[in-house]
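Engineer: Sharing protein-v8.cif (mmCIF, N, CA and C atoms) below.
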data_model
#
loop_
_atom_site.label_atom_id
_atom_site.label_comp_id
_atom_site.auth_asym_id
_atom_site.auth_seq_id
_atom_site.Cartn_x
_atom_site.Cartn_y
_atom_site.Cartn_z
N MET C 965 -120.24 96.38 -7.77
CA MET C 965 -121.18 95.81 -8.73
C MET C 965 -120.45 94.80 -9.60
N ASN C 966 -121.08 93.71 -9.85
CA ASN C 966 -120.53 92.66 -10.70
C ASN C 966 -120.77 93.05 -12.16
N LEU C 967 -119.73 93.48 -12.88
CA LEU C 967 -119.90 94.01 -14.23
C LEU C 967 -120.11 92.95 -15.29
N THR C 968 -119.93 91.68 -14.95
CA THR C 968 -120.21 90.62 -15.92
C THR C 968 -121.56 89.97 -15.65
N MET C 969 -122.34 90.55 -14.78
CA MET C 969 -123.64 90.00 -14.42
C MET C 969 -124.61 90.14 -15.59
N ASN C 970 -125.24 89.04 -15.95
CA ASN C 970 -126.24 89.04 -17.01
C ASN C 970 -127.60 88.74 -16.41
N TYR C 971 -128.62 89.39 -16.95
CA TYR C 971 -129.97 89.20 -16.44
C TYR C 971 -130.64 87.95 -17.00
N ILE C 972 -130.19 87.48 -18.15
CA ILE C 972 -130.71 86.24 -18.72
C ILE C 972 -129.55 85.41 -19.21
N ASP C 973 -129.82 84.15 -19.45
CA ASP C 973 -128.79 83.31 -20.07
C ASP C 973 -129.26 82.92 -21.47
N ARG C 974 -128.40 82.25 -22.18
CA ARG C 974 -128.69 81.89 -23.57
C ARG C 974 -129.95 81.04 -23.69
N THR C 975 -130.15 80.11 -22.76
CA THR C 975 -131.32 79.23 -22.80
C THR C 975 -132.60 80.05 -22.67
N GLU C 976 -132.63 80.99 -21.73
CA GLU C 976 -133.81 81.84 -21.55
C GLU C 976 -134.05 82.69 -22.79
N LEU C 977 -132.98 83.21 -23.37
CA LEU C 977 -133.11 84.02 -24.57
C LEU C 977 -133.72 83.21 -25.71
N LEU C 978 -133.21 82.03 -25.92
CA LEU C 978 -133.69 81.18 -27.02
C LEU C 978 -135.12 80.72 -26.79
N ASN C 979 -135.48 80.43 -25.54
CA ASN C 979 -136.83 79.96 -25.24
C ASN C 979 -137.89 81.03 -25.46
N ASP C 980 -137.53 82.29 -25.27
CA ASP C 980 -138.50 83.38 -25.39
C ASP C 980 -138.53 84.01 -26.78
N ALA C 981 -137.69 83.55 -27.69
CA ALA C 981 -137.54 84.18 -29.00
C ALA C 981 -138.45 83.56 -30.05
N PRO C 982 -138.76 84.33 -31.09
CA PRO C 982 -139.47 83.74 -32.22
C PRO C 982 -138.64 82.60 -32.82
N GLN C 983 -139.30 81.60 -33.31
CA GLN C 983 -138.64 80.41 -33.84
C GLN C 983 -137.59 80.77 -34.91
N GLY C 984 -136.37 80.32 -34.69
CA GLY C 984 -135.31 80.43 -35.68
C GLY C 984 -134.62 81.77 -35.80
N VAL C 985 -135.04 82.77 -35.03
CA VAL C 985 -134.46 84.11 -35.19
C VAL C 985 -132.98 84.15 -34.85
N TYR C 986 -132.54 83.30 -33.92
CA TYR C 986 -131.13 83.31 -33.52
C TYR C 986 -130.31 82.20 -34.17
N ASP C 987 -130.91 81.42 -35.05
CA ASP C 987 -130.21 80.31 -35.68
C ASP C 987 -128.90 80.70 -36.37
N PRO C 988 -128.82 81.85 -37.05
CA PRO C 988 -127.56 82.19 -37.73
C PRO C 988 -126.41 82.57 -36.79
N LEU C 989 -126.71 82.77 -35.51
CA LEU C 989 -125.69 83.25 -34.57
C LEU C 989 -125.12 82.09 -33.75
N ASP C 990 -123.81 82.12 -33.54
CA ASP C 990 -123.19 81.08 -32.72
C ASP C 990 -123.32 81.44 -31.23
N GLU C 991 -123.03 80.48 -30.38
CA GLU C 991 -123.21 80.67 -28.94
C GLU C 991 -122.36 81.81 -28.36
N PRO C 992 -121.07 81.92 -28.73
CA PRO C 992 -120.29 83.05 -28.19
C PRO C 992 -120.88 84.42 -28.57
N THR C 993 -121.40 84.53 -29.78
CA THR C 993 -122.01 85.80 -30.20
C THR C 993 -123.25 86.09 -29.38
N LEU C 994 -124.09 85.08 -29.17
CA LEU C 994 -125.29 85.28 -28.34
C LEU C 994 -124.90 85.69 -26.93
N ASP C 995 -123.87 85.05 -26.38
CA ASP C 995 -123.42 85.39 -25.03
C ASP C 995 -122.93 86.84 -24.97
N ARG C 996 -122.20 87.29 -25.99
CA ARG C 996 -121.71 88.67 -26.03
C ARG C 996 -122.89 89.65 -26.13
N LEU C 997 -123.89 89.30 -26.92
CA LEU C 997 -125.07 90.17 -27.04
C LEU C 997 -125.81 90.28 -25.71
N ILE C 998 -125.94 89.16 -25.02
CA ILE C 998 -126.62 89.16 -23.71
C ILE C 998 -125.85 90.04 -22.73
N THR C 999 -124.54 89.90 -22.70
CA THR C 999 -123.72 90.71 -21.80
C THR C 999 -123.83 92.18 -22.14
N ARG C 1000 -123.76 92.50 -23.43
CA ARG C 1000 -123.87 93.90 -23.85
C ARG C 1000 -125.25 94.47 -23.49
N ALA C 1001 -126.30 93.71 -23.73
CA ALA C 1001 -127.65 94.17 -23.40
C ALA C 1001 -127.81 94.34 -21.89
N SER C 1002 -127.25 93.44 -21.10
CA SER C 1002 -127.33 93.55 -19.65
C SER C 1002 -126.62 94.81 -19.17
N ARG C 1003 -125.47 95.10 -19.74
CA ARG C 1003 -124.75 96.33 -19.40
C ARG C 1003 -125.57 97.57 -19.78
N LEU C 1004 -126.22 97.50 -20.92
CA LEU C 1004 -127.05 98.61 -21.37
C LEU C 1004 -128.23 98.82 -20.42
N MET C 1005 -128.82 97.74 -19.92
CA MET C 1005 -129.92 97.86 -18.96
C MET C 1005 -129.43 98.57 -17.70
N ARG C 1006 -128.22 98.21 -17.24
CA ARG C 1006 -127.68 98.86 -16.05
C ARG C 1006 -127.40 100.34 -16.31
N ARG C 1007 -126.96 100.67 -17.51
CA ARG C 1007 -126.69 102.08 -17.83
C ARG C 1007 -127.98 102.89 -17.75
N TYR C 1008 -129.04 102.37 -18.33
CA TYR C 1008 -130.29 103.13 -18.37
C TYR C 1008 -131.04 103.13 -17.05
N THR C 1009 -130.73 102.22 -16.15
CA THR C 1009 -131.43 102.16 -14.87
C THR C 1009 -130.53 102.57 -13.71
N LYS C 1010 -129.45 103.24 -14.01
CA LYS C 1010 -128.46 103.62 -13.00
C LYS C 1010 -129.08 104.39 -11.83
N LEU C 1011 -130.10 105.18 -12.08
CA LEU C 1011 -130.72 105.98 -11.03
C LEU C 1011 -131.92 105.31 -10.38
N ALA C 1012 -132.27 104.13 -10.85
CA ALA C 1012 -133.41 103.41 -10.28
C ALA C 1012 -133.06 102.88 -8.89
N ILE C 1013 -134.05 102.83 -8.04
CA ILE C 1013 -133.86 102.32 -6.68
C ILE C 1013 -134.64 101.03 -6.53
N TYR C 1014 -133.94 99.96 -6.19
CA TYR C 1014 -134.56 98.65 -5.96
C TYR C 1014 -133.60 97.83 -5.10
N ASP C 1015 -134.14 96.87 -4.39
CA ASP C 1015 -133.33 96.02 -3.53
C ASP C 1015 -132.59 94.98 -4.35
N THR C 1016 -131.35 94.69 -3.90
CA THR C 1016 -130.53 93.69 -4.59
C THR C 1016 -129.98 92.69 -3.59
N ASP C 1017 -129.56 91.54 -4.12
CA ASP C 1017 -128.90 90.54 -3.29
C ASP C 1017 -127.39 90.78 -3.31
N GLU C 1018 -126.63 89.85 -2.75
CA GLU C 1018 -125.18 90.02 -2.66
C GLU C 1018 -124.49 90.00 -4.03
N LEU C 1019 -125.18 89.52 -5.06
CA LEU C 1019 -124.63 89.52 -6.42
C LEU C 1019 -125.14 90.69 -7.26
N ASP C 1020 -125.81 91.64 -6.59
CA ASP C 1020 -126.39 92.83 -7.23
C ASP C 1020 -127.55 92.53 -8.15
N MET C 1021 -128.18 91.38 -7.99
CA MET C 1021 -129.37 91.06 -8.77
C MET C 1021 -130.59 91.56 -8.01
N PRO C 1022 -131.59 92.08 -8.72
CA PRO C 1022 -132.81 92.55 -8.05
C PRO C 1022 -133.47 91.41 -7.27
N THR C 1023 -133.97 91.73 -6.09
CA THR C 1023 -134.63 90.71 -5.28
C THR C 1023 -136.14 90.67 -5.52
N ASP C 1024 -136.71 91.76 -5.98
CA ASP C 1024 -138.14 91.80 -6.28
C ASP C 1024 -138.36 91.04 -7.60
N PRO C 1025 -139.18 89.98 -7.58
CA PRO C 1025 -139.39 89.19 -8.80
C PRO C 1025 -139.91 90.00 -9.98
N ARG C 1026 -140.71 91.02 -9.70
CA ARG C 1026 -141.24 91.86 -10.77
C ARG C 1026 -140.14 92.69 -11.42
N VAL C 1027 -139.24 93.21 -10.62
CA VAL C 1027 -138.12 94.00 -11.14
C VAL C 1027 -137.16 93.10 -11.91
N LEU C 1028 -136.87 91.93 -11.37
CA LEU C 1028 -135.98 91.00 -12.05
C LEU C 1028 -136.58 90.56 -13.40
N ALA C 1029 -137.89 90.32 -13.42
CA ALA C 1029 -138.55 89.93 -14.67
C ALA C 1029 -138.46 91.06 -15.69
N ALA C 1030 -138.57 92.30 -15.25
CA ALA C 1030 -138.45 93.44 -16.16
C ALA C 1030 -137.05 93.49 -16.76
N PHE C 1031 -136.03 93.29 -15.95
CA PHE C 1031 -134.66 93.27 -16.46
C PHE C 1031 -134.47 92.14 -17.47
N LYS C 1032 -134.97 90.97 -17.14
CA LYS C 1032 -134.85 89.83 -18.05
C LYS C 1032 -135.55 90.10 -19.38
N ASP C 1033 -136.80 90.58 -19.30
CA ASP C 1033 -137.57 90.83 -20.52
C ASP C 1033 -136.96 91.94 -21.36
N ALA C 1034 -136.51 93.00 -20.71
CA ALA C 1034 -135.91 94.12 -21.44
C ALA C 1034 -134.59 93.71 -22.09
N THR C 1035 -133.81 92.89 -21.41
CA THR C 1035 -132.55 92.41 -21.98
C THR C 1035 -132.82 91.57 -23.21
N GLY C 1036 -133.78 90.66 -23.12
CA GLY C 1036 -134.14 89.84 -24.27
C GLY C 1036 -134.68 90.67 -25.43
N ALA C 1037 -135.49 91.69 -25.11
CA ALA C 1037 -136.04 92.55 -26.15
C ALA C 1037 -134.94 93.33 -26.86
N GLN C 1038 -133.92 93.74 -26.12
CA GLN C 1038 -132.82 94.49 -26.73
C GLN C 1038 -132.02 93.60 -27.68
N VAL C 1039 -131.71 92.39 -27.24
CA VAL C 1039 -130.98 91.47 -28.12
C VAL C 1039 -131.79 91.19 -29.38
N LEU C 1040 -133.07 90.95 -29.22
CA LEU C 1040 -133.93 90.68 -30.38
C LEU C 1040 -133.93 91.87 -31.35
N ALA C 1041 -134.00 93.08 -30.82
CA ALA C 1041 -133.99 94.27 -31.68
C ALA C 1041 -132.69 94.36 -32.48
N TRP C 1042 -131.57 94.09 -31.84
CA TRP C 1042 -130.29 94.12 -32.55
C TRP C 1042 -130.25 93.10 -33.68
N VAL C 1043 -130.74 91.90 -33.39
CA VAL C 1043 -130.71 90.84 -34.40
C VAL C 1043 -131.66 91.18 -35.55
N GLN C 1044 -132.86 91.60 -35.22
CA GLN C 1044 -133.84 91.91 -36.27
C GLN C 1044 -133.44 93.13 -37.10
N ALA C 1045 -132.70 94.05 -36.50
CA ALA C 1045 -132.23 95.23 -37.24
C ALA C 1045 -130.94 94.93 -38.01
N ASP C 1046 -130.42 93.73 -37.82
CA ASP C 1046 -129.20 93.29 -38.51
C ASP C 1046 -128.01 94.20 -38.21
N VAL C 1047 -127.84 94.51 -36.92
CA VAL C 1047 -126.72 95.37 -36.51
C VAL C 1047 -125.72 94.63 -35.62
N VAL C 1048 -125.84 93.34 -35.53
CA VAL C 1048 -124.99 92.57 -34.61
C VAL C 1048 -123.51 92.80 -34.90
N ASP C 1049 -123.10 92.69 -36.15
CA ASP C 1049 -121.68 92.88 -36.48
C ASP C 1049 -121.23 94.31 -36.23
N ALA C 1050 -122.11 95.27 -36.45
CA ALA C 1050 -121.75 96.67 -36.30
C ALA C 1050 -121.66 97.11 -34.84
N LEU C 1051 -122.20 96.35 -33.91
CA LEU C 1051 -122.21 96.76 -32.50
C LEU C 1051 -120.81 96.89 -31.92
N THR C 1052 -119.92 96.02 -32.30
CA THR C 1052 -118.59 96.03 -31.69
C THR C 1052 -117.68 97.11 -32.25
N ASN C 1053 -118.05 97.71 -33.36
CA ASN C 1053 -117.20 98.77 -33.93
C ASN C 1053 -117.99 100.04 -34.24
N GLU C 1054 -119.14 100.19 -33.59
CA GLU C 1054 -119.98 101.38 -33.73
C GLU C 1054 -120.33 101.70 -35.18
N GLY C 1055 -120.48 100.67 -36.00
CA GLY C 1055 -120.94 100.85 -37.37
C GLY C 1055 -119.84 101.11 -38.39
N ALA C 1056 -118.59 101.04 -37.98
CA ALA C 1056 -117.49 101.34 -38.90
C ALA C 1056 -117.45 100.38 -40.08
N THR C 1057 -117.98 99.18 -39.92
CA THR C 1057 -117.96 98.21 -41.02
C THR C 1057 -119.33 98.03 -41.66
N ALA C 1058 -120.25 98.95 -41.36
CA ALA C 1058 -121.60 98.84 -41.92
C ALA C 1058 -121.54 98.92 -43.44
N GLN C 1059 -122.35 98.11 -44.08
CA GLN C 1059 -122.40 98.06 -45.53
C GLN C 1059 -123.20 99.24 -46.07
N ALA C 1060 -122.76 99.76 -47.22
CA ALA C 1060 -123.49 100.83 -47.88
C ALA C 1060 -124.81 100.29 -48.43
N THR C 1061 -125.80 101.14 -48.48
CA THR C 1061 -127.08 100.74 -49.06
C THR C 1061 -127.32 101.55 -50.34
N VAL C 1062 -127.97 100.95 -51.29
CA VAL C 1062 -128.27 101.61 -52.55
C VAL C 1062 -129.51 102.47 -52.35
N ALA C 1063 -129.38 103.76 -52.62
CA ALA C 1063 -130.50 104.68 -52.45
C ALA C 1063 -131.17 105.01 -53.77
N SER C 1064 -130.46 104.85 -54.88
CA SER C 1064 -131.07 105.14 -56.17
C SER C 1064 -130.46 104.25 -57.24
N SER C 1065 -131.24 104.05 -58.29
CA SER C 1065 -130.82 103.21 -59.40
C SER C 1065 -131.47 103.73 -60.67
N SER C 1066 -130.76 103.59 -61.76
CA SER C 1066 -131.36 103.99 -63.03
C SER C 1066 -131.06 102.94 -64.09
N ASN C 1067 -132.00 102.83 -65.04
CA ASN C 1067 -131.86 101.85 -66.12
C ASN C 1067 -132.62 102.38 -67.33
N ASN C 1068 -131.92 102.62 -68.42
CA ASN C 1068 -132.54 103.12 -69.65
C ASN C 1068 -133.40 104.36 -69.43
N GLY C 1069 -132.89 105.29 -68.66
CA GLY C 1069 -133.61 106.54 -68.45
C GLY C 1069 -134.61 106.53 -67.32
N ALA C 1070 -134.97 105.36 -66.82
CA ALA C 1070 -135.89 105.28 -65.67
C ALA C 1070 -135.05 105.21 -64.40
N SER C 1071 -135.48 105.92 -63.39
CA SER C 1071 -134.73 105.89 -62.14
C SER C 1071 -135.67 105.67 -60.96
N ILE C 1072 -135.10 105.05 -59.96
CA ILE C 1072 -135.83 104.78 -58.72
C ILE C 1072 -134.95 105.29 -57.58
N THR C 1073 -135.54 106.06 -56.70
CA THR C 1073 -134.83 106.54 -55.52
C THR C 1073 -135.59 106.06 -54.29
N LEU C 1074 -134.87 105.42 -53.41
CA LEU C 1074 -135.47 104.91 -52.18
C LEU C 1074 -135.02 105.78 -51.01
N ASP C 1075 -135.93 106.04 -50.11
CA ASP C 1075 -135.58 106.80 -48.91
C ASP C 1075 -135.43 105.81 -47.77
N ASN C 1076 -134.19 105.52 -47.42
CA ASN C 1076 -133.95 104.60 -46.31
C ASN C 1076 -133.37 105.35 -45.11
N SER C 1077 -133.65 106.65 -45.04
CA SER C 1077 -133.11 107.46 -43.95
C SER C 1077 -133.67 107.06 -42.59
N GLU C 1078 -134.94 106.68 -42.56
CA GLU C 1078 -135.55 106.28 -41.28
C GLU C 1078 -134.91 105.00 -40.76
N ALA C 1079 -134.74 104.02 -41.63
CA ALA C 1079 -134.10 102.77 -41.23
C ALA C 1079 -132.65 103.01 -40.83
N SER C 1080 -131.96 103.85 -41.56
CA SER C 1080 -130.56 104.15 -41.24
C SER C 1080 -130.45 104.84 -39.89
N ALA C 1081 -131.35 105.77 -39.61
CA ALA C 1081 -131.34 106.47 -38.33
C ALA C 1081 -131.64 105.51 -37.18
N ALA C 1082 -132.59 104.60 -37.38
CA ALA C 1082 -132.93 103.62 -36.34
C ALA C 1082 -131.75 102.68 -36.07
N ARG C 1083 -131.10 102.24 -37.13
CA ARG C 1083 -129.93 101.37 -36.96
C ARG C 1083 -128.81 102.11 -36.24
N ALA C 1084 -128.57 103.37 -36.60
CA ALA C 1084 -127.53 104.17 -35.95
C ALA C 1084 -127.84 104.36 -34.47
N TYR C 1085 -129.11 104.56 -34.14
CA TYR C 1085 -129.52 104.71 -32.75
C TYR C 1085 -129.20 103.44 -31.95
N LEU C 1086 -129.56 102.30 -32.50
CA LEU C 1086 -129.29 101.02 -31.81
C LEU C 1086 -127.80 100.77 -31.70
N ILE C 1087 -127.05 101.02 -32.76
CA ILE C 1087 -125.60 100.80 -32.74
C ILE C 1087 -124.94 101.72 -31.72
N GLY C 1088 -125.46 102.92 -31.58
CA GLY C 1088 -124.89 103.90 -30.66
C GLY C 1088 -125.26 103.70 -29.21
N GLY C 1089 -125.97 102.64 -28.88
CA GLY C 1089 -126.30 102.36 -27.49
C GLY C 1089 -127.70 102.73 -27.08
N GLY C 1090 -128.57 103.00 -28.05
CA GLY C 1090 -129.95 103.33 -27.72
C GLY C 1090 -130.77 102.10 -27.35
N LEU C 1091 -131.72 102.29 -26.47
CA LEU C 1091 -132.63 101.21 -26.08
C LEU C 1091 -133.66 100.98 -27.18
N SER C 1092 -133.97 99.73 -27.42
CA SER C 1092 -135.07 99.43 -28.34
C SER C 1092 -136.37 99.92 -27.70
N SER C 1093 -137.36 100.21 -28.52
CA SER C 1093 -138.61 100.73 -27.97
C SER C 1093 -139.26 99.73 -27.02
N GLU C 1094 -139.16 98.44 -27.33
CA GLU C 1094 -139.76 97.41 -26.46
C GLU C 1094 -139.04 97.37 -25.11
N ALA C 1095 -137.71 97.37 -25.12
CA ALA C 1095 -136.95 97.35 -23.86
C ALA C 1095 -137.28 98.58 -23.02
N LYS C 1096 -137.37 99.74 -23.68
CA LYS C 1096 -137.68 100.97 -22.97
C LYS C 1096 -139.06 100.90 -22.32
N LEU C 1097 -140.04 100.40 -23.04
CA LEU C 1097 -141.39 100.27 -22.48
C LEU C 1097 -141.42 99.33 -21.28
N ILE C 1098 -140.67 98.23 -21.37
CA ILE C 1098 -140.63 97.27 -20.26
C ILE C 1098 -140.05 97.93 -19.02
N LEU C 1099 -138.93 98.63 -19.18
CA LEU C 1099 -138.29 99.28 -18.04
C LEU C 1099 -139.15 100.42 -17.49
N GLU C 1100 -139.81 101.15 -18.36
CA GLU C 1100 -140.72 102.22 -17.90
C GLU C 1100 -141.88 101.64 -17.11
N ASP C 1101 -142.47 100.55 -17.62
CA ASP C 1101 -143.60 99.94 -16.92
C ASP C 1101 -143.22 99.45 -15.52
N ALA C 1102 -141.98 99.04 -15.36
CA ALA C 1102 -141.51 98.56 -14.06
C ALA C 1102 -141.07 99.70 -13.15
N GLY C 1103 -141.12 100.95 -13.66
CA GLY C 1103 -140.72 102.09 -12.85
C GLY C 1103 -139.22 102.24 -12.72
N LEU C 1104 -138.47 101.66 -13.65
CA LEU C 1104 -137.01 101.69 -13.56
C LEU C 1104 -136.39 102.85 -14.33
N ILE C 1105 -137.11 103.41 -15.29
CA ILE C 1105 -136.65 104.59 -16.02
C ILE C 1105 -137.86 105.47 -16.31
N GLY C 1106 -137.58 106.70 -16.70
CA GLY C 1106 -138.64 107.60 -17.14
C GLY C 1106 -139.43 108.26 -16.04
N ILE C 1107 -138.93 108.16 -14.81
CA ILE C 1107 -139.66 108.81 -13.72
C ILE C 1107 -138.89 110.05 -13.27
N MET C 1108 -139.61 111.01 -12.80
CA MET C 1108 -138.98 112.24 -12.35
C MET C 1108 -138.55 112.09 -10.88
N PRO C 1109 -137.49 112.78 -10.51
CA PRO C 1109 -137.08 112.74 -9.09
C PRO C 1109 -138.16 113.31 -8.20
N TRP C 1110 -138.23 112.84 -7.00
CA TRP C 1110 -139.21 113.33 -6.06
C TRP C 1110 -138.61 113.36 -4.68
N LEU C 1111 -139.27 114.05 -3.80
CA LEU C 1111 -138.78 114.23 -2.43
C LEU C 1111 -139.86 113.74 -1.47
N ARG C 1112 -139.47 112.83 -0.59
CA ARG C 1112 -140.42 112.34 0.41
C ARG C 1112 -140.26 113.23 1.65
N VAL C 1113 -141.37 113.79 2.11
CA VAL C 1113 -141.30 114.67 3.29
C VAL C 1113 -142.10 114.11 4.43
#
Could you spell out this file's structure in C-alpha coordinates?
Structural biologist:
Amino acid sequence: MNLTMNYIDRTELLNDAPQGVYDPLDEPTLDRLITRASRLMRRYTKLAIYDTDELDMPTDPRVLAAFKDATGAQVLAWVQADVVDALTNEGATAQATVASSSNNGASITLDNSEASAARAYLIGGGLSSEAKLILEDAGLIGIMPWLRV
(Lines of atoms letter the chains of each structure in order from A and count residues from 1; the text may use other names and numbers.)
(Lines give C-alpha, C1' and ligand atoms only; values in the text may rest on other atoms or scores of the structure.)
Protein backbone atom coordinates (compact mmCIF):
# COMPACT_ATOMS: atom_id res chain seq x y z
CA MET A 1 0.00 0.00 0.00
CA ASN A 2 1.24 3.47 -0.85
CA LEU A 3 1.26 5.19 2.57
CA THR A 4 1.64 8.70 1.14
CA MET A 5 -1.41 8.31 -1.08
CA ASN A 6 -3.90 11.15 -0.69
CA TYR A 7 -7.50 11.00 -1.80
CA ILE A 8 -7.69 14.71 -2.64
CA ASP A 9 -5.23 17.43 -3.44
CA ARG A 10 -5.05 20.98 -2.17
CA THR A 11 -6.90 22.38 -5.20
CA GLU A 12 -9.85 20.01 -4.70
CA LEU A 13 -9.93 20.81 -0.99
CA LEU A 14 -9.99 24.55 -1.59
CA ASN A 15 -12.60 24.31 -4.36
CA ASP A 16 -15.04 22.38 -2.17
CA ALA A 17 -14.59 24.50 0.98
CA PRO A 18 -16.59 27.41 2.31
CA GLN A 19 -15.12 30.71 1.14
CA GLY A 20 -12.03 31.75 3.12
CA VAL A 21 -12.06 28.91 5.66
CA TYR A 22 -8.52 27.83 4.77
CA ASP A 23 -7.07 31.31 4.21
CA PRO A 24 -5.12 31.38 7.52
CA LEU A 25 -3.32 28.12 6.66
CA ASP A 26 -0.24 27.87 4.46
CA GLU A 27 0.13 25.28 1.71
CA PRO A 28 2.44 22.88 3.61
CA THR A 29 -0.03 22.79 6.51
CA LEU A 30 -2.94 22.05 4.17
CA ASP A 31 -0.91 19.29 2.53
CA ARG A 32 -0.12 17.75 5.96
CA LEU A 33 -3.80 17.88 6.92
CA ILE A 34 -4.80 16.18 3.67
CA THR A 35 -2.23 13.44 4.21
CA ARG A 36 -3.30 12.94 7.82
CA ALA A 37 -6.98 12.80 6.86
CA SER A 38 -6.24 10.34 4.04
CA ARG A 39 -4.40 8.09 6.48
CA LEU A 40 -7.31 8.34 8.88
CA MET A 41 -9.73 7.29 6.12
CA ARG A 42 -7.58 4.22 5.46
CA ARG A 43 -7.53 3.38 9.18
CA TYR A 44 -11.31 3.47 9.47
CA THR A 45 -11.91 1.57 6.22
CA LYS A 46 -9.24 -1.09 6.74
CA LEU A 47 -11.85 -3.88 6.65
CA ALA A 48 -13.78 -2.51 3.68
CA ILE A 49 -13.68 -4.48 0.45
CA TYR A 50 -13.41 -2.58 -2.83
CA ASP A 51 -11.41 -2.84 -6.04
CA THR A 52 -8.22 -0.81 -6.39
CA ASP A 53 -5.79 0.07 -9.14
CA GLU A 54 -2.01 -0.44 -9.06
CA LEU A 55 -1.65 2.67 -6.86
CA ASP A 56 -4.21 1.32 -4.34
CA MET A 57 -6.79 3.93 -5.31
CA PRO A 58 -10.41 2.77 -5.49
CA THR A 59 -11.53 2.05 -9.05
CA ASP A 60 -15.26 2.46 -8.42
CA PRO A 61 -16.03 6.17 -8.96
CA ARG A 62 -18.62 6.12 -6.17
CA VAL A 63 -16.14 4.70 -3.66
CA LEU A 64 -13.42 7.12 -4.75
CA ALA A 65 -15.85 10.04 -4.41
CA ALA A 66 -16.70 8.89 -0.87
CA PHE A 67 -13.02 8.85 0.08
CA LYS A 68 -12.50 12.30 -1.43
CA ASP A 69 -15.57 13.79 0.26
CA ALA A 70 -14.81 12.19 3.64
CA THR A 71 -11.19 13.36 3.52
CA GLY A 72 -12.29 16.92 2.78
CA ALA A 73 -14.93 16.77 5.53
CA GLN A 74 -12.32 15.63 8.05
CA VAL A 75 -9.92 18.46 7.20
CA LEU A 76 -12.75 20.97 7.41
CA ALA A 77 -13.78 19.64 10.84
CA TRP A 78 -10.22 20.02 12.16
CA VAL A 79 -9.99 23.59 10.89
CA GLN A 80 -13.41 24.62 12.15
CA ALA A 81 -12.72 23.04 15.56
CA ASP A 82 -9.43 24.95 15.68
CA VAL A 83 -7.38 21.85 16.46
CA VAL A 84 -4.88 22.05 13.60
CA ASP A 85 -1.90 22.93 15.80
CA ALA A 86 -2.86 20.34 18.41
CA LEU A 87 -3.03 17.47 15.90
CA THR A 88 0.71 16.95 15.68
CA ASN A 89 1.22 16.74 19.44
CA GLU A 90 -2.08 15.18 20.56
CA GLY A 91 -3.16 18.37 22.32
CA ALA A 92 -0.06 18.86 24.46
CA THR A 93 0.07 22.53 23.47
CA ALA A 94 -3.66 23.18 23.67
CA GLN A 95 -4.52 26.49 25.27
CA ALA A 96 -6.43 26.59 28.55
CA THR A 97 -9.97 27.90 28.42
CA VAL A 98 -11.60 30.10 31.04
CA ALA A 99 -14.48 28.26 32.68
CA SER A 100 -15.43 30.83 35.30
CA SER A 101 -14.97 34.49 36.07
CA SER A 102 -15.96 36.79 38.86
CA ASN A 103 -16.16 40.56 39.21
CA ASN A 104 -17.40 42.48 42.27
CA GLY A 105 -19.17 39.46 43.71
CA ALA A 106 -20.85 38.41 40.47
CA SER A 107 -19.61 35.23 38.88
CA ILE A 108 -20.14 33.47 35.60
CA THR A 109 -19.36 29.81 35.03
CA LEU A 110 -19.33 28.40 31.53
CA ASP A 111 -19.64 24.73 30.75
CA ASN A 112 -17.34 24.01 27.84
CA SER A 113 -17.02 20.30 28.57
CA GLU A 114 -18.90 19.29 25.42
CA ALA A 115 -16.65 21.37 23.18
CA SER A 116 -13.56 20.14 25.00
CA ALA A 117 -14.65 16.51 24.61
CA ALA A 118 -15.35 17.01 20.89
CA ARG A 119 -11.96 18.63 20.35
CA ALA A 120 -10.23 15.82 22.28
CA TYR A 121 -12.04 13.25 20.13
CA LEU A 122 -10.86 14.90 16.90
CA ILE A 123 -7.31 15.37 18.20
CA GLY A 124 -7.20 11.73 19.25
CA GLY A 125 -7.95 10.46 15.75
CA GLY A 126 -11.74 10.38 15.76
CA LEU A 127 -13.70 10.78 12.55
CA SER A 128 -15.81 13.89 12.15
CA SER A 129 -19.51 13.13 12.04
CA GLU A 130 -19.71 14.24 8.39
CA ALA A 131 -16.79 12.04 7.30
CA LYS A 132 -18.29 9.09 9.18
CA LEU A 133 -21.67 9.55 7.50
CA ILE A 134 -20.05 9.74 4.06
CA LEU A 135 -18.10 6.52 4.61
CA GLU A 136 -21.14 4.76 6.09
CA ASP A 137 -23.31 5.79 3.13
CA ALA A 138 -20.74 4.30 0.75
CA GLY A 139 -20.73 1.02 2.71
CA LEU A 140 -17.10 1.44 3.74
CA ILE A 141 -17.64 1.39 7.52
CA GLY A 142 -20.37 0.49 9.97
CA ILE A 143 -21.39 -2.77 8.39
CA MET A 144 -21.45 -6.10 10.14
CA PRO A 145 -19.47 -9.07 8.82
CA TRP A 146 -21.45 -11.53 6.78
CA LEU A 147 -20.97 -14.90 5.17
CA ARG A 148 -21.88 -15.66 1.58
CA VAL A 149 -23.08 -19.26 1.19
Engineer: Going by DSSP on the backbone, which bits of chain C are helix (DSSP H, G or I)? Write them as a PyMOL selection string, please.
Structural biologist: chain C and resi 974-980+991-1008+1025-1044+1048-1051+1077-1087+1093-1101
Engineer: Can you work out which one of C:Ala1050, C:Val1039, C:Ala1030, C:Leu989 has the shortest atom-to-atom distance to Gly1103 (chain C), counting only C-alpha atoms?
Structural biologist: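 Using only C-alpha atoms, Gly1103 (chain C) sits closest to C:Ala1030.
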Engineer: By how many Å are atom C of Phe1031 (chain C) and CA of Ile972 (chain C) apart?
Structural biologist: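 Between atom C of Phe1031 (chain C) and CA of Ile972 (chain C) the gap is 7.1 Å.
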Engineer: Please evaluate the PyMOL selection byres (((chain C and resi 1004 and name CA) around 10) and name CA) against the displayed coordinates and give the resulting residues as a ChimeraX atom specification.
Structural biologist: /C:998-1003,1005-1010,1034-1035,1038,1089-1091
Engineer: Per DSSP on the backbone, what are the strand (DSSP E or B) residues of region 971-1089 of chain C, as a PyMOL selection string?
Structural biologist: chain C and resi 1016+1022+1064-1067+1070-1073
Engineer: For CA of Thr1052 (chain C) and atom N of Asp980 (chain C), quote the distance in Å rounded to one decimal.
Structural biologist: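 Computed distance, CA of Thr1052 (chain C) to atom N of Asp980 (chain C), equals 24.3 Å.
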Engineer: Check the smallest atom-to-atom distance from each of C:Pro1022, C:Ala1102, C:Asn970, C:Asp1046 to Ala1079 (chain C) using only C-alpha atoms, then report the winner.
Structural biologist: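 Nearest candidate to Ala1079 (chain C) out of C:Pro1022, C:Ala1102, C:Asn970, C:Asp1046: C:Asp1046.
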Engineer: Between atom C of Leu1051 (chain C) and atom N of Met1021 (chain C), what is the spacing in Å?
Structural biologist: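 Between atom N of Met1021 (chain C) and atom C of Leu1051 (chain C) the gap works out to 25.6 Å.
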